[in-house]
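Pasting protein-v1.cif here (mmCIF, C-alpha atoms and all ligand atoms):
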data_my_file
loop_
_atom_site.group_PDB
_atom_site.id
_atom_site.type_symbol
_atom_site.label_atom_id
_atom_site.label_comp_id
_atom_site.auth_asym_id
_atom_site.auth_seq_id
_atom_site.Cartn_x
_atom_site.Cartn_y
_atom_site.Cartn_z
ATOM 1 C CA MET F 26 -31.037 80.101 20.640
ATOM 2 C CA THR F 27 -31.721 78.006 17.611
ATOM 3 C CA SER F 28 -33.400 79.465 14.556
ATOM 4 C CA ALA F 29 -34.204 76.022 13.105
ATOM 5 C CA ILE F 30 -37.828 75.025 12.572
ATOM 6 C CA PRO F 31 -38.863 72.819 15.505
ATOM 7 C CA PRO F 32 -38.864 69.171 14.456
ATOM 8 C CA GLY F 33 -42.110 67.167 14.429
ATOM 9 C CA GLU F 34 -42.603 63.803 16.126
ATOM 10 C CA PHE F 35 -41.484 61.628 13.218
ATOM 11 C CA GLU F 36 -38.457 63.779 12.601
ATOM 12 C CA ILE F 37 -37.539 63.810 16.300
ATOM 13 C CA ILE F 38 -37.318 60.039 16.375
ATOM 14 C CA ALA F 39 -35.508 59.786 13.045
ATOM 15 C CA ARG F 40 -33.048 62.588 13.706
ATOM 16 C CA TYR F 41 -32.249 62.202 17.375
ATOM 17 C CA PHE F 42 -32.979 58.651 18.423
ATOM 18 C CA SER F 43 -32.446 56.316 15.434
ATOM 19 C CA ARG F 44 -28.931 54.916 15.453
ATOM 20 C CA ALA F 45 -27.549 51.962 13.532
ATOM 21 C CA SER F 46 -27.048 49.272 16.162
ATOM 22 C CA ARG F 47 -23.976 47.097 16.478
ATOM 23 C CA ARG F 48 -26.110 44.456 18.167
ATOM 24 C CA SER F 49 -26.975 41.498 15.960
ATOM 25 C CA ASP F 50 -29.844 40.561 18.318
ATOM 26 C CA VAL F 51 -31.849 43.611 17.139
ATOM 27 C CA LEU F 52 -33.718 42.067 14.220
ATOM 28 C CA LEU F 53 -35.863 45.169 13.736
ATOM 29 C CA GLY F 54 -35.221 48.433 15.579
ATOM 30 C CA ILE F 55 -36.789 51.912 15.526
ATOM 31 C CA GLY F 56 -39.017 52.652 12.541
ATOM 32 C CA ASP F 57 -41.667 49.921 12.493
ATOM 33 C CA ASP F 58 -44.649 49.499 14.814
ATOM 34 C CA ALA F 59 -42.583 47.494 17.264
ATOM 35 C CA ALA F 60 -39.076 46.154 17.683
ATOM 36 C CA LEU F 61 -38.131 42.553 17.032
ATOM 37 C CA LEU F 62 -35.478 41.219 19.400
ATOM 38 C CA GLN F 63 -33.661 37.911 19.667
ATOM 39 C CA VAL F 64 -33.357 36.660 23.269
ATOM 40 C CA PRO F 65 -30.568 34.067 23.640
ATOM 41 C CA SER F 66 -32.177 30.696 24.370
ATOM 42 C CA ASP F 67 -30.024 30.027 27.450
ATOM 43 C CA ARG F 68 -30.709 33.391 29.101
ATOM 44 C CA ARG F 69 -33.515 34.969 31.084
ATOM 45 C CA LEU F 70 -34.856 38.374 30.155
ATOM 46 C CA VAL F 71 -34.563 41.028 32.903
ATOM 47 C CA ALA F 72 -36.775 44.134 32.582
ATOM 48 C CA ALA F 73 -36.829 47.445 34.481
ATOM 49 C CA MET F 74 -38.504 50.819 33.964
ATOM 50 C CA ASP F 75 -38.075 54.193 35.626
ATOM 51 C CA THR F 76 -39.718 57.561 35.090
ATOM 52 C CA LEU F 77 -38.105 60.949 35.708
ATOM 53 C CA VAL F 78 -40.289 64.022 36.216
ATOM 54 C CA GLU F 79 -38.806 67.507 35.967
ATOM 55 C CA GLY F 80 -38.964 69.245 39.322
ATOM 56 C CA VAL F 81 -39.309 65.925 41.147
ATOM 57 C CA HIS F 82 -36.366 63.750 40.091
ATOM 58 C CA PHE F 83 -34.114 66.511 38.805
ATOM 59 C CA PRO F 84 -34.274 70.277 39.344
ATOM 60 C CA VAL F 85 -35.803 72.580 36.748
ATOM 61 C CA GLY F 86 -32.938 73.955 34.688
ATOM 62 C CA THR F 87 -30.838 70.749 34.676
ATOM 63 C CA GLY F 88 -28.798 70.434 31.473
ATOM 64 C CA ALA F 89 -30.457 68.314 28.800
ATOM 65 C CA ARG F 90 -27.384 66.099 28.286
ATOM 66 C CA SER F 91 -27.307 65.247 31.974
ATOM 67 C CA ILE F 92 -31.048 64.428 31.904
ATOM 68 C CA GLY F 93 -30.510 62.053 28.951
ATOM 69 C CA HIS F 94 -27.672 60.357 30.832
ATOM 70 C CA ARG F 95 -29.683 60.086 34.060
ATOM 71 C CA ALA F 96 -32.771 58.653 32.320
ATOM 72 C CA LEU F 97 -30.752 55.664 31.131
ATOM 73 C CA ALA F 98 -28.337 55.487 34.102
ATOM 74 C CA VAL F 99 -31.054 54.980 36.732
ATOM 75 C CA ASN F 100 -32.455 52.108 34.677
ATOM 76 C CA LEU F 101 -29.054 50.493 34.071
ATOM 77 C CA SER F 102 -28.524 50.748 37.822
ATOM 78 C CA ASP F 103 -31.590 48.549 38.383
ATOM 79 C CA LEU F 104 -30.213 45.959 35.948
ATOM 80 C CA ALA F 105 -26.837 46.176 37.713
ATOM 81 C CA ALA F 106 -28.551 45.370 41.005
ATOM 82 C CA MET F 107 -29.779 42.113 39.450
ATOM 83 C CA GLY F 108 -26.337 41.278 38.046
ATOM 84 C CA ALA F 109 -27.765 41.553 34.530
ATOM 85 C CA GLU F 110 -26.061 42.416 31.266
ATOM 86 C CA PRO F 111 -27.940 45.300 29.592
ATOM 87 C CA ALA F 112 -29.027 44.923 25.961
ATOM 88 C CA TRP F 113 -31.933 47.110 24.828
ATOM 89 C CA ALA F 114 -33.826 50.248 25.849
ATOM 90 C CA LEU F 115 -37.115 51.951 24.982
ATOM 91 C CA LEU F 116 -37.825 55.633 25.551
ATOM 92 C CA SER F 117 -41.027 57.561 26.139
ATOM 93 C CA LEU F 118 -40.486 61.295 26.064
ATOM 94 C CA SER F 119 -43.045 63.927 27.020
ATOM 95 C CA LEU F 120 -41.810 67.384 26.006
ATOM 96 C CA PRO F 121 -43.317 70.840 26.595
ATOM 97 C CA GLU F 122 -41.960 71.999 23.229
ATOM 98 C CA SER F 123 -39.990 70.601 20.339
ATOM 99 C CA ASN F 124 -36.634 72.286 20.855
ATOM 100 C CA ALA F 125 -33.888 71.111 18.482
ATOM 101 C CA GLU F 126 -31.045 72.241 20.732
ATOM 102 C CA TRP F 127 -32.490 70.498 23.797
ATOM 103 C CA LEU F 128 -33.177 67.298 21.848
ATOM 104 C CA ALA F 129 -29.639 67.196 20.430
ATOM 105 C CA GLU F 130 -28.147 67.481 23.923
ATOM 106 C CA PHE F 131 -30.605 65.070 25.564
ATOM 107 C CA SER F 132 -30.084 62.394 22.917
ATOM 108 C CA LYS F 133 -26.307 62.838 23.150
ATOM 109 C CA GLY F 134 -26.365 62.187 26.906
ATOM 110 C CA LEU F 135 -28.504 59.094 26.399
ATOM 111 C CA HIS F 136 -26.578 57.712 23.407
ATOM 112 C CA ASP F 137 -23.135 58.266 24.962
ATOM 113 C CA LEU F 138 -24.066 56.120 27.961
ATOM 114 C CA ALA F 139 -25.880 53.565 25.776
ATOM 115 C CA GLN F 140 -22.776 53.172 23.649
ATOM 116 C CA ARG F 141 -20.562 52.563 26.672
ATOM 117 C CA TYR F 142 -22.724 49.618 27.729
ATOM 118 C CA ASN F 143 -23.590 48.425 24.216
ATOM 119 C CA VAL F 144 -27.285 49.183 24.724
ATOM 120 C CA ALA F 145 -29.430 49.592 21.592
ATOM 121 C CA LEU F 146 -32.363 52.018 21.699
ATOM 122 C CA VAL F 147 -35.010 49.951 19.930
ATOM 123 C CA GLY F 148 -38.194 51.951 20.316
ATOM 124 C CA GLY F 149 -39.671 55.185 21.483
ATOM 125 C CA ASP F 150 -42.517 57.606 21.558
ATOM 126 C CA THR F 151 -42.690 61.383 21.891
ATOM 127 C CA VAL F 152 -45.682 63.421 23.035
ATOM 128 C CA ARG F 153 -46.302 67.035 23.994
ATOM 129 C CA GLY F 154 -46.739 67.596 27.727
ATOM 130 C CA PRO F 155 -44.743 68.363 30.882
ATOM 131 C CA LEU F 156 -41.105 67.211 30.799
ATOM 132 C CA VAL F 157 -41.342 63.535 31.758
ATOM 133 C CA ILE F 158 -38.944 60.817 30.617
ATOM 134 C CA THR F 159 -39.614 57.112 30.922
ATOM 135 C CA VAL F 160 -37.009 54.555 29.941
ATOM 136 C CA GLN F 161 -37.427 50.808 29.934
ATOM 137 C CA VAL F 162 -34.325 48.635 29.820
ATOM 138 C CA LEU F 163 -34.057 44.969 28.978
ATOM 139 C CA GLY F 164 -31.099 42.726 29.686
ATOM 140 C CA PHE F 165 -30.090 39.139 30.314
ATOM 141 C CA ILE F 166 -28.945 36.881 33.076
ATOM 142 C CA GLU F 167 -27.901 33.264 32.863
ATOM 143 C CA ALA F 168 -30.584 30.797 33.846
ATOM 144 C CA GLY F 169 -30.177 29.679 37.458
ATOM 145 C CA PRO F 170 -30.492 31.386 40.829
ATOM 146 C CA ALA F 171 -30.990 35.142 40.404
ATOM 147 C CA LEU F 172 -29.444 37.903 42.511
ATOM 148 C CA THR F 173 -32.322 39.617 44.357
ATOM 149 C CA ARG F 174 -32.965 41.653 47.512
ATOM 150 C CA GLY F 175 -34.270 38.557 49.253
ATOM 151 C CA GLY F 176 -31.205 36.338 49.778
ATOM 152 C CA ALA F 177 -29.475 37.912 52.797
ATOM 153 C CA ARG F 178 -29.000 35.667 55.843
ATOM 154 C CA PRO F 179 -27.907 36.397 59.445
ATOM 155 C CA GLY F 180 -24.122 36.599 59.598
ATOM 156 C CA ASP F 181 -23.742 37.967 56.063
ATOM 157 C CA LEU F 182 -21.624 41.107 55.781
ATOM 158 C CA ILE F 183 -23.114 44.277 54.278
ATOM 159 C CA TYR F 184 -21.204 46.288 51.675
ATOM 160 C CA VAL F 185 -21.830 49.431 49.668
ATOM 161 C CA SER F 186 -19.999 50.608 46.554
ATOM 162 C CA GLY F 187 -18.641 54.130 46.118
ATOM 163 C CA ILE F 188 -19.411 56.942 48.554
ATOM 164 C CA PRO F 189 -23.097 57.209 49.424
ATOM 165 C CA GLY F 190 -24.261 60.742 50.177
ATOM 166 C CA GLU F 191 -22.207 62.597 47.571
ATOM 167 C CA ALA F 192 -25.136 62.827 45.151
ATOM 168 C CA ALA F 193 -27.425 64.300 47.808
ATOM 169 C CA ALA F 194 -24.667 66.705 48.810
ATOM 170 C CA GLY F 195 -24.376 67.595 45.112
ATOM 171 C CA LEU F 196 -28.064 68.411 44.999
ATOM 172 C CA ALA F 197 -27.615 70.668 48.037
ATOM 173 C CA VAL F 198 -24.806 72.399 46.102
ATOM 174 C CA ILE F 199 -27.078 72.836 43.088
ATOM 175 C CA GLN F 200 -29.747 74.300 45.367
ATOM 176 C CA GLY F 201 -27.223 76.922 46.494
ATOM 177 C CA GLN F 202 -26.766 75.645 50.051
ATOM 178 C CA THR F 203 -22.978 76.093 50.003
ATOM 179 C CA VAL F 204 -20.095 77.959 48.426
ATOM 180 C CA GLU F 205 -18.803 77.027 44.964
ATOM 181 C CA GLY F 206 -15.358 75.575 44.330
ATOM 182 C CA GLU F 207 -13.503 72.412 43.341
ATOM 183 C CA ASP F 208 -15.315 70.283 45.930
ATOM 184 C CA SER F 209 -18.735 71.620 44.999
ATOM 185 C CA GLU F 210 -17.995 70.816 41.346
ATOM 186 C CA LEU F 211 -17.182 67.190 42.202
ATOM 187 C CA LEU F 212 -20.382 66.795 44.237
ATOM 188 C CA ARG F 213 -22.498 68.491 41.581
ATOM 189 C CA HIS F 214 -21.040 66.029 39.062
ATOM 190 C CA ARG F 215 -21.977 63.094 41.311
ATOM 191 C CA PHE F 216 -25.619 64.236 41.252
ATOM 192 C CA ASN F 217 -25.782 65.098 37.546
ATOM 193 C CA TRP F 218 -23.858 62.125 36.163
ATOM 194 C CA PRO F 219 -24.709 58.990 38.175
ATOM 195 C CA GLU F 220 -22.602 56.010 37.122
ATOM 196 C CA PRO F 221 -24.492 52.715 36.972
ATOM 197 C CA ARG F 222 -22.409 49.923 38.547
ATOM 198 C CA VAL F 223 -23.001 47.466 35.715
ATOM 199 C CA GLN F 224 -19.661 45.593 35.866
ATOM 200 C CA LEU F 225 -19.738 45.320 39.637
ATOM 201 C CA GLY F 226 -23.287 43.951 39.490
ATOM 202 C CA GLN F 227 -22.242 41.224 37.082
ATOM 203 C CA THR F 228 -19.266 40.327 39.308
ATOM 204 C CA LEU F 229 -21.620 40.088 42.294
ATOM 205 C CA ARG F 230 -24.200 37.923 40.561
ATOM 206 C CA THR F 231 -22.807 34.647 41.863
ATOM 207 C CA LEU F 232 -20.908 36.095 44.842
ATOM 208 C CA ALA F 233 -23.397 38.245 46.738
ATOM 209 C CA SER F 234 -26.313 36.769 48.667
ATOM 210 C CA ALA F 235 -28.548 39.840 48.055
ATOM 211 C CA ALA F 236 -28.230 43.162 46.241
ATOM 212 C CA MET F 237 -30.113 46.333 45.366
ATOM 213 C CA ASP F 238 -29.191 49.788 44.148
ATOM 214 C CA VAL F 239 -29.319 52.785 46.466
ATOM 215 C CA SER F 240 -31.773 55.222 44.947
ATOM 216 C CA ASP F 241 -33.802 56.398 47.951
ATOM 217 C CA GLY F 242 -31.119 56.613 50.662
ATOM 218 C CA LEU F 243 -28.889 53.976 52.263
ATOM 219 C CA LEU F 244 -30.844 53.581 55.503
ATOM 220 C CA GLY F 245 -34.258 53.157 53.885
ATOM 221 C CA ASP F 246 -32.933 50.942 51.121
ATOM 222 C CA LEU F 247 -31.118 48.677 53.609
ATOM 223 C CA GLY F 248 -34.466 48.390 55.410
ATOM 224 C CA LYS F 249 -36.072 47.218 52.138
ATOM 225 C CA LEU F 250 -33.340 44.620 51.613
ATOM 226 C CA CYS F 251 -33.863 43.385 55.181
ATOM 227 C CA GLN F 252 -37.648 43.202 54.707
ATOM 228 C CA ALA F 253 -37.219 41.212 51.493
ATOM 229 C CA SER F 254 -34.766 38.865 53.242
ATOM 230 C CA ALA F 255 -36.797 38.616 56.509
ATOM 231 C CA CYS F 256 -33.708 39.720 58.469
ATOM 232 C CA SER F 257 -32.426 42.716 60.402
ATOM 233 C CA ALA F 258 -29.187 44.629 60.062
ATOM 234 C CA GLN F 259 -26.608 46.403 62.148
ATOM 235 C CA LEU F 260 -25.121 49.404 60.388
ATOM 236 C CA GLU F 261 -21.790 50.620 61.806
ATOM 237 C CA LEU F 262 -21.802 54.377 61.246
ATOM 238 C CA GLU F 263 -18.054 54.835 61.720
ATOM 239 C CA ARG F 264 -17.499 52.521 58.740
ATOM 240 C CA LEU F 265 -19.394 54.732 56.241
ATOM 241 C CA PRO F 266 -16.927 55.733 53.517
ATOM 242 C CA ALA F 267 -15.692 59.291 53.991
ATOM 243 C CA SER F 268 -16.060 61.914 51.283
ATOM 244 C CA PRO F 269 -13.363 64.596 51.509
ATOM 245 C CA SER F 270 -15.420 66.893 49.250
ATOM 246 C CA MET F 271 -18.550 66.482 51.342
ATOM 247 C CA ARG F 272 -16.618 67.114 54.552
ATOM 248 C CA ALA F 273 -14.930 70.189 53.067
ATOM 249 C CA LEU F 274 -18.333 71.797 52.523
ATOM 250 C CA PHE F 275 -20.622 70.298 55.182
ATOM 251 C CA ASP F 276 -20.260 69.461 58.880
ATOM 252 C CA VAL F 277 -20.053 65.900 60.246
ATOM 253 C CA ALA F 278 -23.766 65.699 61.070
ATOM 254 C CA ALA F 279 -24.896 66.950 57.634
ATOM 255 C CA SER F 280 -22.462 64.593 55.880
ATOM 256 C CA GLU F 281 -23.836 61.638 57.821
ATOM 257 C CA ARG F 282 -27.407 62.619 56.980
ATOM 258 C CA PHE F 283 -26.507 62.820 53.284
ATOM 259 C CA ALA F 284 -24.896 59.365 53.485
ATOM 260 C CA LEU F 285 -27.805 57.737 55.324
ATOM 261 C CA LEU F 286 -30.862 59.575 54.025
ATOM 262 C CA GLY F 287 -29.891 61.232 50.757
ATOM 263 C CA GLY F 288 -30.950 59.524 47.557
ATOM 264 C CA ASP F 289 -29.736 59.393 43.959
ATOM 265 C CA ASP F 290 -26.418 57.626 44.650
ATOM 266 C CA TYR F 291 -27.117 54.632 42.410
ATOM 267 C CA GLU F 292 -24.444 52.694 44.243
ATOM 268 C CA LEU F 293 -24.903 48.991 44.940
ATOM 269 C CA LEU F 294 -25.836 47.816 48.423
ATOM 270 C CA PHE F 295 -25.211 44.102 48.853
ATOM 271 C CA THR F 296 -24.508 41.281 51.273
ATOM 272 C CA VAL F 297 -21.860 38.570 51.128
ATOM 273 C CA ALA F 298 -21.895 35.355 53.184
ATOM 274 C CA ALA F 299 -18.943 35.338 55.614
ATOM 275 C CA GLY F 300 -17.455 32.239 53.951
ATOM 276 C CA ARG F 301 -17.301 33.965 50.575
ATOM 277 C CA VAL F 302 -15.722 37.206 51.775
ATOM 278 C CA PRO F 303 -12.091 36.263 50.870
ATOM 279 C CA GLU F 304 -13.174 35.357 47.323
ATOM 280 C CA PHE F 305 -15.230 38.554 47.053
ATOM 281 C CA GLU F 306 -12.494 40.784 48.435
ATOM 282 C CA ALA F 307 -9.910 39.270 46.080
ATOM 283 C CA LEU F 308 -12.186 39.990 43.115
ATOM 284 C CA VAL F 309 -13.199 43.566 43.921
ATOM 285 C CA GLN F 310 -9.935 44.731 45.506
ATOM 286 C CA ASN F 311 -8.292 47.458 43.438
ATOM 287 C CA THR F 312 -11.310 47.734 41.131
ATOM 288 C CA GLU F 313 -13.452 50.822 40.653
ATOM 289 C CA PRO F 314 -15.677 51.687 42.451
ATOM 290 C CA GLY F 315 -14.293 50.630 45.818
ATOM 291 C CA CYS F 316 -16.628 48.708 48.127
ATOM 292 C CA THR F 317 -16.827 49.245 51.874
ATOM 293 C CA ARG F 318 -18.083 46.865 54.542
ATOM 294 C CA ILE F 319 -20.604 48.833 56.600
ATOM 295 C CA GLY F 320 -22.288 46.261 58.820
ATOM 296 C CA ARG F 321 -23.790 42.824 59.159
ATOM 297 C CA ILE F 322 -27.109 41.048 58.753
ATOM 298 C CA THR F 323 -28.712 39.797 61.968
ATOM 299 C CA GLN F 324 -31.657 37.645 62.988
ATOM 300 C CA ARG F 325 -34.961 39.505 62.862
ATOM 301 C CA ASP F 326 -35.953 40.629 66.356
ATOM 302 C CA PRO F 327 -39.538 41.963 66.397
ATOM 303 C CA GLY F 328 -38.666 44.207 69.386
ATOM 304 C CA GLN F 329 -35.871 45.969 67.467
ATOM 305 C CA ALA F 330 -35.726 48.386 64.535
ATOM 306 C CA VAL F 331 -35.156 46.531 61.267
ATOM 307 C CA VAL F 332 -31.932 48.499 60.807
ATOM 308 C CA GLN F 333 -30.037 49.246 63.994
ATOM 309 C CA CYS F 334 -27.399 51.969 63.728
ATOM 310 C CA LEU F 335 -24.279 51.535 65.871
ATOM 311 C CA ARG F 336 -21.615 54.108 66.629
ATOM 312 C CA ASP F 337 -18.479 52.523 68.087
ATOM 313 C CA GLY F 338 -20.557 49.533 69.171
ATOM 314 C CA ARG F 339 -23.356 51.506 70.819
ATOM 315 C CA ALA F 340 -26.873 51.773 69.406
ATOM 316 C CA VAL F 341 -27.816 55.291 68.276
ATOM 317 C CA VAL F 342 -31.027 56.683 66.837
ATOM 318 C CA VAL F 343 -30.718 58.436 63.477
ATOM 319 C CA PRO F 344 -33.506 60.971 62.927
ATOM 320 C CA ALA F 345 -35.239 59.799 59.768
ATOM 321 C CA THR F 346 -36.342 63.285 58.758
ATOM 322 C CA GLY F 347 -33.119 65.165 59.338
ATOM 323 C CA TYR F 348 -32.733 66.130 55.746
ATOM 324 C CA ASP F 349 -35.387 67.251 53.300
ATOM 325 C CA HIS F 350 -34.424 65.590 50.085
ATOM 326 C CA PHE F 351 -35.537 67.280 46.892
ATOM 327 C CA SER F 352 -36.899 64.043 45.397
ATOM 328 C CA LYS F 353 -39.181 63.592 48.395
ATOM 329 C CA ALA F 354 -40.617 67.107 48.284
HETATM 330 MG MG MG P 401 -33.579 49.873 42.291
#
In structure tokens, what does this structure look like?
Ligand SMILES: [Mg+2]
Amino acid sequence: MTSAIPPGEFEIIARYFSRASRRSDVLLGIGDDAALLQVPSDRRLVAAMDTLVEGVHFPVGTGARSIGHRALAVNLSDLAAMGAEPAWALLSLSLPESNAEWLAEFSKGLHDLAQRYNVALVGGDTVRGPLVITVQVLGFIEAGPALTRGGARPGDLIYVSGIPGEAAAGLAVIQGQTVEGEDSELLRHRFNWPEPRVQLGQTLRTLASAAMDVSDGLLGDLGKLCQASACSAQLELERLPASPSMRALFDVAASERFALLGGDDYELLFTVAAGRVPEFEALVQNTEPGCTRIGRITQRDPGQAVVQCLRDGRAVVVPATGYDHFSKA
């Protein structure tokens, strides 16, 4: 426990969140009434904001450094889904108490990730209240057609990055639903330290026909992409990427529910027109994270489910409420 006098609001911002920025486009950063930022004249500004509430988006007792990482990561993931290059972030922090140790860890988690993606924290606010963190991120894309959820067309192939379901399995580990060991540590890490797919998103910007990040579960998020694109989809369950750690700790049915219904993966879900697949595969082959083809976009049929799940070519019904995810409690 720290014996230091708890820092006040001004000191919190100065001590934990002010950092000299390497970005020359920050004309005025933290310290004035507002930040002054130079947007390149040939770019469009892309903006996203996400709020995390303790006990809703992460369990009570989560380490402060992991919370700081997550608060920025989930926002960078939204920029990644647009193929944008991140630039700046703003933070609003509601804290039950001014705890120097917690603040040092939280700001470290946030700054470490910010540094990796050359993101400057340019403004912030702290208030006393329940633990709630809101981050806004700003980034750029080149002028021209944007990568959105709405561009998928029948015949396009559906891909997902990484291994969806591991984060949800990690949350189950954290909630004590399984034994501890090497595999549980890997899954726990996948929940606590989501990795925004920023580079992949930028690669996809001119290659993919539609993209979004998986935050609420693959099945539901694919449904949103289909709705935005006025299409349907066939999801081939046997193609879902396998997670050895998940399978070591959970049975086949639970693993599939994590993959389809679990949230918090922050992987990219995207579609590629069939004619562009060779170009896409050449570009993402042997890069991290791997991408897996999991289905195809089809014509919307009002008599069918928006997302049809197939197992070995046969339609199967996936119970939508098979797994009670923490974030949906
Ligand atoms: Mg999103």
Report summary line: Of F:Ser49, F:Ser43, F:Ser240, F:Ser117, the one sitting nearest ligand MG 401 (chain P) when using all atoms listed in the file is F:Ser240
Query raised in the report: So which residues are near ligand MG 401 (chain P), meaning at most 7 Å away with only C-alpha atoms and all ligand atoms counted, given back as JSON, numbers by chain?
Result: {"F": [102, 103, 106, 237, 238, 239, 240]}
**Report entry** Selection: 6 Å around region 212-225 of chain F, all atoms listed in the file, excl. self and same-chain fewer than 5 positions, as a ChimeraX atom specification
**Finding:** /F:91,98,101-102,105,191-192,195
Query raised in the report: Any idea what the distance is between CA of Val85 (chain F) and CA of Gly242 (chain F)?
Result: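 Rounded to one decimal, the two atoms are 21.7 Å apart.
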Requested in this report: Name the residues that the PyMOL selection byres (((chain F and resi 163-172) around 10) and not hetatm) picks from the file above, as a PyMOL selection string, using the file's chain letters and numbers.
Outcome: chain F and resi 64-74+100-101+104-115+144-145+161-162+173-176+226-227+229-237+295
Report summary line: In terms of all atoms listed in the file, the residue from F:Ser280, F:Ser257, F:Thr317, F:Thr151 at minimal distance from Glu292 (chain F) is F:Thr317
Report task. Pick out the closest residue to Pro314 (chain F) from this set: F:Leu244, F:Leu260, F:Ile188, F:Leu335. Count all atoms listed in the file. Result ->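 Counting all atoms listed in the file, the residue closest to Pro314 (chain F) is F:Ile188.
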Report task. List the residues matched by the PyMOL selection byres (((chain F and resi 146) around 12) and not hetatm) in the displayed structure as a ChimeraX atom specification, ordered by chain and then by residue number. Result -> /F:38,41-48,51,53-56,60,62,97,111-117,132,135-140,142-145,147-150,160-163
Query raised in the report: Using all atoms listed in the file, which residues sit within 7 Å of region 178-180 of chain F once same-chain residues fewer than 6 positions away are excluded, as a ChimeraX atom specification?
Result: /F:256,298-299,321-324
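Considering the residues F:Thr228, F:Ala129, F:Glu205, F:Ala193 and counting all atoms listed in the file, Leu286 (chain F) has its shortest atom-to-atom contact with F:Ala193.
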Report summary line: Counting only C-alpha atoms, closest pick from F:Leu250, F:Leu156, F:Leu265, F:Met271 relative to Glu210 (chain F) is F:Met271
Where's the centre, and what are the edge lengths in Å to one decimal, of a box along x, y and z enclosing all listed atoms of region 169-182 of chain F padded 3 Å per side, as AutoDock Vina command-line options?
--center_x -27.9 --center_y 35.7 --center_z 48.5 --size_x 18.6 --size_y 18.0 --size_z 28.1
Query raised in the report: Near Trp127 (chain F), within 10 Å and counting all atoms listed in the file, which residues show up once chain neighbours fewer than 4 positions away are dropped, as a PyMOL selection string?
Result: chain F and resi 27+88-90+122-123+131-133
Requested in this report: Return the single residue from F:Val297, F:Leu247, F:Val185, F:Cys334 that is closest to Leu262 (chain F), with distances computed using only C-alpha atoms.
Outcome: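 Of the candidates, the smallest distance to Leu262 (chain F) is held by F:Cys334.
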Query raised in the report: So how far away is CA of Thr159 (chain F) from CA of Val81 (chain F), in Å?
Result: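 Distance reported for this atom pair: 13.5 Å.
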Requested in this report: Check which residues satisfy the PyMOL selection byres (((chain F and resi 329) around 12) and not hetatm) in the file shown, then give them as a ChimeraX atom specification.
Outcome: /F:256-259,323-328,330-334,340,342
